[in-house]
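See below for run_37.cif, which holds mmCIF, C-alpha atoms.
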```cif
data_structure
#
loop_
_atom_site.label_atom_id
_atom_site.label_comp_id
_atom_site.auth_asym_id
_atom_site.auth_seq_id
_atom_site.Cartn_x
_atom_site.Cartn_y
_atom_site.Cartn_z
CA MET A 1 16.00 -14.06 -33.22
CA ARG A 2 15.96 -10.44 -32.20
CA ILE A 3 13.41 -9.57 -29.50
CA ARG A 4 11.81 -6.16 -29.67
CA PRO A 5 12.49 -3.85 -26.72
CA LEU A 6 9.68 -3.28 -24.22
CA ALA A 7 8.86 0.25 -23.02
CA VAL A 8 6.77 0.77 -19.89
CA VAL A 9 5.08 3.97 -18.71
CA SER A 10 2.40 4.56 -16.12
CA ASP A 11 0.55 7.23 -14.15
CA LEU A 12 0.27 9.87 -16.89
CA HIS A 13 -2.63 11.54 -15.05
CA CYS A 14 -3.86 13.48 -18.07
CA ASN A 15 -6.28 16.23 -17.03
CA SER A 16 -4.31 17.06 -13.88
CA TYR A 17 -2.68 20.48 -13.41
CA VAL A 18 0.53 18.60 -12.60
CA GLY A 19 0.12 15.74 -15.11
CA LEU A 20 1.09 15.48 -18.76
CA TYR A 21 -0.33 18.12 -21.09
CA PRO A 22 1.08 19.02 -24.55
CA PRO A 23 1.86 22.62 -25.59
CA ASP A 24 -0.02 22.46 -28.89
CA VAL A 25 -3.42 21.79 -27.32
CA GLU A 26 -5.28 24.99 -26.49
CA LEU A 27 -8.27 23.53 -24.76
CA LYS A 28 -11.47 25.51 -25.30
CA LEU A 29 -13.30 25.68 -22.01
CA GLU A 30 -16.96 26.41 -21.37
CA MET A 31 -18.08 29.96 -22.25
CA GLY A 32 -15.02 30.72 -24.35
CA GLY A 33 -12.23 30.27 -21.82
CA MET A 34 -8.98 28.55 -22.71
CA TYR A 35 -6.45 26.33 -20.96
CA VAL A 36 -2.78 26.28 -21.98
CA GLN A 37 0.17 24.31 -20.65
CA ASN A 38 1.59 25.60 -17.35
CA LYS A 39 5.31 25.69 -16.52
CA TYR A 40 5.23 22.42 -14.56
CA GLN A 41 3.53 20.63 -17.43
CA ALA A 42 6.07 22.17 -19.81
CA TRP A 43 8.86 20.60 -17.76
CA LEU A 44 7.09 17.23 -17.76
CA TRP A 45 6.43 17.42 -21.50
CA VAL A 46 10.05 18.10 -22.46
CA ASN A 47 11.13 15.07 -20.45
CA PHE A 48 8.35 12.87 -21.82
CA LEU A 49 9.45 13.69 -25.37
CA ASP A 50 13.03 12.84 -24.40
CA PHE A 51 11.86 9.48 -23.07
CA CYS A 52 9.87 8.78 -26.24
CA LYS A 53 12.94 9.52 -28.38
CA ALA A 54 14.90 6.95 -26.36
CA VAL A 55 12.33 4.24 -27.11
CA PRO A 56 13.37 2.19 -30.18
CA ASN A 57 11.13 2.51 -33.23
CA ASP A 58 9.67 -1.00 -33.10
CA ALA A 59 9.19 -1.35 -29.34
CA VAL A 60 6.33 -3.08 -27.61
CA VAL A 61 4.72 -0.47 -25.33
CA GLU A 62 2.86 -1.20 -22.11
CA ILE A 63 0.88 1.54 -20.33
CA ASN A 64 0.44 0.42 -16.74
CA GLY A 65 -2.60 2.35 -15.57
CA ASP A 66 -3.82 5.77 -14.41
CA VAL A 67 -3.75 7.35 -17.85
CA PHE A 68 -6.34 9.87 -16.59
CA GLN A 69 -6.72 12.02 -13.54
CA GLY A 70 -10.45 11.29 -13.60
CA ILE A 71 -13.49 13.54 -13.38
CA LYS A 72 -14.25 13.86 -9.66
CA PRO A 73 -14.74 17.62 -9.14
CA PHE A 74 -16.20 17.25 -5.64
CA ARG A 75 -13.11 15.39 -4.45
CA ASP A 76 -10.41 16.76 -6.76
CA SER A 77 -9.98 20.49 -7.33
CA ALA A 78 -6.83 20.21 -9.49
CA LEU A 79 -8.61 19.34 -12.74
CA ILE A 80 -8.08 21.07 -16.07
CA THR A 81 -11.63 20.29 -17.23
CA VAL A 82 -14.66 18.39 -15.99
CA SER A 83 -15.41 17.20 -19.54
CA ALA A 84 -14.71 13.49 -20.06
CA THR A 85 -14.55 14.18 -23.82
CA ASP A 86 -11.79 16.76 -23.37
CA GLN A 87 -9.93 14.47 -20.97
CA LEU A 88 -9.87 11.75 -23.64
CA ARG A 89 -8.65 14.24 -26.26
CA ILE A 90 -5.80 15.31 -23.99
CA ALA A 91 -4.72 11.72 -23.37
CA GLN A 92 -4.83 10.81 -27.07
CA ARG A 93 -2.61 13.77 -27.92
CA VAL A 94 -0.22 13.06 -25.04
CA ILE A 95 0.38 9.47 -26.11
CA LYS A 96 1.05 10.23 -29.80
CA PRO A 97 4.88 10.52 -29.51
CA LEU A 98 5.02 7.13 -27.82
CA LEU A 99 2.62 5.50 -30.28
CA ALA A 100 4.94 6.63 -33.07
CA ARG A 101 7.62 4.32 -31.64
CA ALA A 102 5.35 1.33 -30.98
CA SER A 103 4.89 -1.88 -32.95
CA ARG A 104 2.31 -3.12 -30.43
CA ILE A 105 0.66 -1.53 -27.41
CA TYR A 106 -0.95 -2.95 -24.29
CA VAL A 107 -3.03 -1.03 -21.75
CA VAL A 108 -3.54 -2.08 -18.13
CA ARG A 109 -6.21 -0.38 -16.05
CA GLY A 110 -5.47 1.80 -13.04
CA THR A 111 -7.73 2.79 -10.16
CA ASP A 112 -11.46 3.38 -10.52
CA PHE A 113 -10.96 6.91 -9.17
CA HIS A 114 -8.68 7.86 -12.06
CA ASP A 115 -9.43 5.53 -14.99
CA GLY A 116 -13.19 5.22 -14.52
CA VAL A 117 -15.48 2.77 -12.77
CA ILE A 118 -14.65 -0.76 -13.99
CA GLY A 119 -12.08 0.88 -16.28
CA ALA A 120 -14.73 2.48 -18.51
CA ASP A 121 -12.71 5.58 -19.41
CA ILE A 122 -9.41 3.82 -20.02
CA GLU A 123 -11.21 1.22 -22.14
CA MET A 124 -12.35 3.98 -24.52
CA PHE A 125 -8.79 5.31 -24.61
CA ALA A 126 -7.28 1.88 -25.26
CA GLU A 127 -9.65 1.18 -28.14
CA ALA A 128 -9.04 4.64 -29.64
CA ILE A 129 -5.25 4.14 -29.74
CA GLY A 130 -5.44 0.59 -31.15
CA ALA A 131 -4.27 -1.35 -28.10
CA GLU A 132 -4.11 -5.15 -28.26
CA GLN A 133 -7.36 -6.87 -27.32
CA ASP A 134 -7.59 -9.31 -24.45
CA ALA A 135 -8.07 -12.77 -25.94
CA ASP A 136 -10.61 -13.81 -23.29
CA THR A 137 -12.76 -10.69 -22.98
CA GLY A 138 -12.21 -8.91 -26.29
CA GLN A 139 -11.60 -5.68 -24.38
CA TYR A 140 -8.77 -3.33 -25.23
CA SER A 141 -7.70 -2.76 -21.61
CA ARG A 142 -7.26 -5.28 -18.83
CA TRP A 143 -6.70 -5.48 -15.08
CA GLU A 144 -3.54 -7.52 -15.47
CA LEU A 145 -1.28 -8.72 -18.24
CA THR A 146 0.89 -11.83 -18.25
CA HIS A 147 3.20 -11.42 -21.21
CA ARG A 148 6.02 -13.64 -22.45
CA HIS A 149 8.63 -11.47 -24.14
CA GLY A 150 11.26 -13.71 -25.64
CA LYS A 151 12.01 -16.20 -22.88
CA THR A 152 11.19 -13.71 -20.13
CA LEU A 153 7.77 -13.86 -18.46
CA PHE A 154 6.43 -10.47 -17.35
CA HIS A 155 3.41 -9.83 -15.15
CA PHE A 156 1.82 -6.37 -15.10
CA THR A 157 -0.86 -4.88 -12.91
CA HIS A 158 -1.26 -1.34 -11.63
CA HIS A 159 -1.65 -1.71 -7.89
CA VAL A 160 0.96 -2.66 -5.35
CA SER A 161 -0.26 -5.21 -2.83
CA SER A 162 -1.59 -3.75 0.41
CA ALA A 163 -2.90 -6.97 1.92
CA PRO A 164 -1.83 -7.37 5.59
CA VAL A 165 -1.28 -11.13 5.18
CA TYR A 166 2.51 -10.78 5.19
CA PRO A 167 4.33 -8.54 7.71
CA SER A 168 6.83 -7.20 5.18
CA THR A 169 7.30 -4.52 2.56
CA PRO A 170 4.76 -4.26 -0.30
CA MET A 171 7.35 -5.58 -2.75
CA ALA A 172 8.18 -8.61 -0.62
CA ARG A 173 4.46 -9.27 -0.06
CA ALA A 174 3.78 -9.20 -3.79
CA MET A 175 6.64 -11.60 -4.44
CA LYS A 176 5.25 -14.07 -1.90
CA GLU A 177 1.75 -13.72 -3.32
CA ALA A 178 3.08 -14.45 -6.81
CA LYS A 179 4.76 -17.61 -5.59
CA GLU A 180 1.42 -18.78 -4.22
CA ALA A 181 -0.62 -17.77 -7.28
CA PHE A 182 1.72 -19.00 -10.03
CA VAL A 183 2.20 -22.62 -9.08
CA ASP A 184 2.16 -24.82 -12.19
CA ASP A 185 3.84 -25.18 -15.56
CA ASP A 186 1.00 -23.40 -17.35
CA LEU A 187 1.31 -20.39 -15.05
CA PRO A 188 4.90 -20.23 -13.78
CA ILE A 189 6.17 -17.53 -11.47
CA PRO A 190 6.99 -14.47 -13.62
CA ASP A 191 10.60 -13.42 -14.08
CA VAL A 192 9.68 -9.73 -13.89
CA MET A 193 6.69 -8.30 -12.01
CA ILE A 194 5.75 -4.71 -12.81
CA ARG A 195 3.61 -2.54 -10.54
CA SER A 196 2.87 1.21 -10.43
CA HIS A 197 0.49 3.47 -8.46
CA ILE A 198 2.82 4.88 -5.77
CA HIS A 199 4.77 7.12 -8.20
CA THR A 200 8.13 6.09 -6.75
CA TYR A 201 10.62 3.92 -8.63
CA ARG A 202 11.65 0.83 -6.67
CA LYS A 203 13.24 -2.52 -7.55
CA PHE A 204 13.52 -5.70 -5.52
CA ILE A 205 15.16 -9.03 -6.43
CA ASP A 206 14.41 -12.47 -5.05
CA ARG A 207 16.25 -15.47 -6.54
CA ASN A 208 16.76 -13.88 -9.95
CA ARG A 209 13.18 -12.65 -10.16
CA TRP A 210 12.61 -8.91 -10.26
CA PHE A 211 9.79 -6.91 -8.73
CA ILE A 212 9.73 -3.34 -10.07
CA ILE A 213 7.55 -0.33 -9.26
CA THR A 214 7.52 2.12 -12.14
CA PRO A 215 8.16 5.85 -12.04
CA ALA A 216 5.31 8.21 -12.94
CA TRP A 217 4.53 11.32 -15.00
CA GLN A 218 2.78 13.42 -12.38
CA LEU A 219 4.26 15.90 -9.93
CA GLN A 220 3.05 16.24 -6.36
CA THR A 221 -0.62 16.97 -5.84
CA GLY A 222 -2.33 18.52 -2.84
CA TYR A 223 -3.28 15.01 -1.73
CA SER A 224 0.32 13.78 -1.84
CA TYR A 225 1.48 16.82 0.14
CA LYS A 226 -1.07 15.81 2.80
CA VAL A 227 -0.28 12.10 3.09
CA ALA A 228 3.50 12.16 2.42
CA PRO A 229 4.85 15.71 1.95
CA ARG A 230 8.49 14.69 1.42
CA LYS A 231 7.87 11.50 -0.54
CA LEU A 232 8.82 12.96 -3.90
CA PRO A 233 7.67 11.26 -7.11
CA SER A 234 10.02 9.56 -9.56
CA ILE A 235 9.49 10.98 -13.04
CA GLY A 236 10.27 8.79 -16.05
CA GLY A 237 9.79 5.40 -17.69
CA LEU A 238 11.50 2.04 -18.27
CA ILE A 239 12.91 0.37 -21.40
CA PHE A 240 13.58 -3.39 -21.23
CA ASP A 241 15.91 -5.35 -23.50
CA VAL A 242 15.60 -9.14 -23.68
CA ASN A 243 18.43 -11.25 -25.08
CA GLY A 244 17.93 -14.99 -24.70
CA GLU A 245 17.29 -15.58 -21.01
CA GLN A 246 18.88 -12.29 -20.03
CA VAL A 247 16.73 -9.25 -19.31
CA THR A 248 18.14 -5.79 -18.66
CA TRP A 249 16.49 -2.40 -18.49
CA ARG A 250 17.22 1.27 -18.55
CA GLU A 251 15.40 3.53 -16.16
CA LYS A 252 15.04 6.95 -17.76
CA LEU A 253 14.58 9.17 -14.72
CA TYR A 254 14.40 12.95 -14.66
CA PRO A 255 15.59 14.75 -11.51
CA LEU A 256 13.03 17.10 -10.05
CA PRO A 257 13.76 20.83 -10.06
CA LYS A 258 15.40 22.02 -6.86
CA PRO A 259 12.96 23.55 -4.36
CA GLN A 260 13.22 27.24 -3.60
CA ILE A 261 14.79 28.19 -0.28
CA THR A 262 13.61 31.43 1.26
CA THR A 263 15.97 33.55 3.34
CA SER A 264 15.06 35.91 6.16
CA ARG A 265 16.34 39.45 5.78
#
```

As structure tokens, what does this structure read like?
Amino acid sequence: MRIRPLAVVSDLHCNSYVGLYPPDVELKLEMGGMYVQNKYQAWLWVNFLDFCKAVPNDAVVEINGDVFQGIKPFRDSALITVSATDQLRIAQRVIKPLLARASRIYVVRGTDFHDGVIGADIEMFAEAIGAEQDADTGQYSRWELTHRHGKTLFHFTHHVSSAPVYPSTPMARAMKEAKEAFVDDDLPIPDVMIRSHIHTYRKFIDRNRWFIITPAWQLQTGYSYKVAPRKLPSIGGLIFDVNGEQVTWREKLYPLPKPQITTSR
């Protein structure tokens, strides 16, 4: 039996000056002002549309957190609008090209700072786009998703482990934690573990099990320039194909524009 492909995106950061924003939304701001797409968002949008076109028409889509930038004007000056209503409108328009390719969609929550306290904002988004409900809670978004796709068991959550229990890389820590958490036949160790949050694509294998950190759809912010000025983001998404017990994926990555080099005269 044919297994539908699985497309994964994360960290859209809608409502950020350097996050996804479509060209056909002229946002009416307070007192008659207007916001239109800037050149960095134009670059992101062209590549996002290219990714969406690469997703097969009947794919299962998983959005792995940080759909929004969040409304924190006292801590974040790079916001398009401080209206939560407008932020939701932006995100709904952004996701339309991907929804057009989806047979089913799952939404995993990101950080409270971005997606709302206890995921309140992303829950409204997930319900609005018709995401699959969690069987236990009835909610349209969730903190984690364990999903069997064909014979492959995936586990999704937004954050990468930062616990100091293991003196190793975050990916190796998460793999060890999974081996401790998934210990019985009802909850076996996943074949593929998907994380996001750090905006840098990484992959790590341990005994035929993959741990993958997804690329993002946000360029560098002032905060990222402060904490890691040369840690450039990976822009793009992932498309998984499952055939029997074999799982492969394509990373659709988009090289960042070359930085300008100034020359003394």

Q.
Please compute the atom CA of Arg250 of chain A-atom CA of Gln37 of chain A distance, one decimal, in Å.
A. 28.7 Å

(Q) Just want the 12 Å neighbourhood of Ile118 of chain A, counted on all atoms listed in the file, with same-chain residues fewer than 6 positions away dropped. Output as a PyMOL selection string. (A) chain A and resi 108-112+124+139+141-143

Name the residues captured by the PyMOL selection byres ((chain A and resi 51) around 10) when it is applied to the shown file; answer as an mmCIF file with C-alpha atoms, in the coordinates of the input.
```cif
data_model
loop_
_atom_site.group_PDB
_atom_site.id
_atom_site.type_symbol
_atom_site.label_atom_id
_atom_site.label_comp_id
_atom_site.auth_asym_id
_atom_site.auth_seq_id
_atom_site.Cartn_x
_atom_site.Cartn_y
_atom_site.Cartn_z
ATOM 1 C CA ALA A 7 8.860 0.250 -23.020
ATOM 2 C CA VAL A 9 5.080 3.970 -18.710
ATOM 3 C CA TRP A 45 6.430 17.420 -21.500
ATOM 4 C CA VAL A 46 10.050 18.100 -22.460
ATOM 5 C CA ASN A 47 11.130 15.070 -20.450
ATOM 6 C CA PHE A 48 8.350 12.870 -21.820
ATOM 7 C CA LEU A 49 9.450 13.690 -25.370
ATOM 8 C CA ASP A 50 13.030 12.840 -24.400
ATOM 9 C CA CYS A 52 9.870 8.780 -26.240
ATOM 10 C CA LYS A 53 12.940 9.520 -28.380
ATOM 11 C CA ALA A 54 14.900 6.950 -26.360
ATOM 12 C CA VAL A 55 12.330 4.240 -27.110
ATOM 13 C CA PRO A 97 4.880 10.520 -29.510
ATOM 14 C CA LEU A 98 5.020 7.130 -27.820
ATOM 15 C CA GLY A 236 10.270 8.790 -16.050
ATOM 16 C CA GLY A 237 9.790 5.400 -17.690
ATOM 17 C CA LEU A 238 11.500 2.040 -18.270
ATOM 18 C CA ILE A 239 12.910 0.370 -21.400
ATOM 19 C CA GLU A 251 15.400 3.530 -16.160
ATOM 20 C CA LYS A 252 15.040 6.950 -17.760
ATOM 21 C CA LEU A 253 14.580 9.170 -14.720
ATOM 22 C CA TYR A 254 14.400 12.950 -14.660
#
```

Q. Of the candidates A:Ala181, A:Thr157, A:Tyr201, A:Thr221, which one gets nearest to Ala78 of chain A if we count all atoms listed in the file?
A.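 Among the listed residues, the smallest separation from Ala78 of chain A belongs to A:Thr221.
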
Q) In Å, how far is it from atom CA of Tyr35 of chain A to atom CA of Cys14 of chain A? A)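 Distance between the two atoms: 13.4 Å.
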
Q. Looking at A:Val25, A:Ile90, A:Ile80, A:Ala174, which one is nearest to Asp206 of chain A, with distances taken over all atoms listed in the file?
A.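 Using all atoms listed in the file, Asp206 of chain A sits closest to A:Ala174.
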
Q: Name the residues that the PyMOL selection byres ((chain A and resi 211-215) around 10) pulls out of this structure, and write them as a ChimeraX atom specification.
A: /A:8-11,64,154-156,158-160,171-172,174-175,190-206,208-210,216-218,233-238,251-254

Close residues, Val36 of chain A itself excluded, 12 Å, all atoms listed in the file, min 5 positions apart in chain, as a compact mmCIF listing (two decimals) with C-alpha atoms, in the frame of the given file:
```txt
# COMPACT_ATOMS: atom_id res chain seq x y z
CA ASN A 15 -6.28 16.23 -17.03
CA TYR A 17 -2.68 20.48 -13.41
CA LEU A 20 1.09 15.48 -18.76
CA TYR A 21 -0.33 18.12 -21.09
CA PRO A 22 1.08 19.02 -24.55
CA PRO A 23 1.86 22.62 -25.59
CA ASP A 24 -0.02 22.46 -28.89
CA VAL A 25 -3.42 21.79 -27.32
CA GLU A 26 -5.28 24.99 -26.49
CA LEU A 27 -8.27 23.53 -24.76
CA LYS A 28 -11.47 25.51 -25.30
CA LEU A 29 -13.30 25.68 -22.01
CA GLN A 41 3.53 20.63 -17.43
CA ALA A 42 6.07 22.17 -19.81
CA ILE A 80 -8.08 21.07 -16.07
CA THR A 81 -11.63 20.29 -17.23
CA ILE A 90 -5.80 15.31 -23.99
```

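Using all atoms listed in the file, the set of residues no farther than 12 Å from the position (-6.3, -9.4, -24.4) comprises Ile105, Tyr106, Val107, Val108, Glu123, Ala126, Glu127, Ala131, Glu132, Gln133, Asp134, Ala135, Asp136, Thr137, Gly138, Gln139, Tyr140, Ser141, Arg142, Trp143, Glu144, Leu145, Thr146 and His147 of chain A.
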
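Taking atom CA of Ala178 of chain A and atom CA of Ile3 of chain A as the two end points, the separation is 25.4 Å.
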
Q.
Which residues are close to Phe125 of chain A, i.e. within 8 Å by all atoms listed in the file, leaving aside same-chain residues fewer than 3 positions away? Reply as JSON, numbers by chain.
A. {"A": [88, 91, 92, 121, 122, 128, 129]}

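Minimum distance to Ile71 of chain A across A:Arg4, A:Lys176, A:His13, A:Arg265 (counting all atoms listed in the file) occurs at A:His13.
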
**Q.** Shortest interatomic distance to Lys72 of chain A - which of A:Ala84, A:Leu6, A:Ile95, A:Val18, counting all atoms listed in the file
**A.**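 For Lys72 of chain A, the nearest of the candidates is A:Ala84.
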
Q | Shell around segment 240-244 of chain A at 6 Å using all atoms listed in the file, local window under 2 positions removed, as a list in words | A |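 Skipping anything fewer than 2 positions along the chain leaves Pro5, Leu6, Gln246, Val247, Thr248 and Trp249 of chain A.
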
Work out where the centre of an axis-aligned box around every listed atom of segment 234-252 of chain A lies and how long its edges are once 4 Å is added on each side; give both in Å to one decimal as lines of an AutoDock Vina configuration file.
```
center_x = 14.2
center_y = -2.3
center_z = -17.3
size_x = 17.4
size_y = 34.6
size_z = 23.5
```
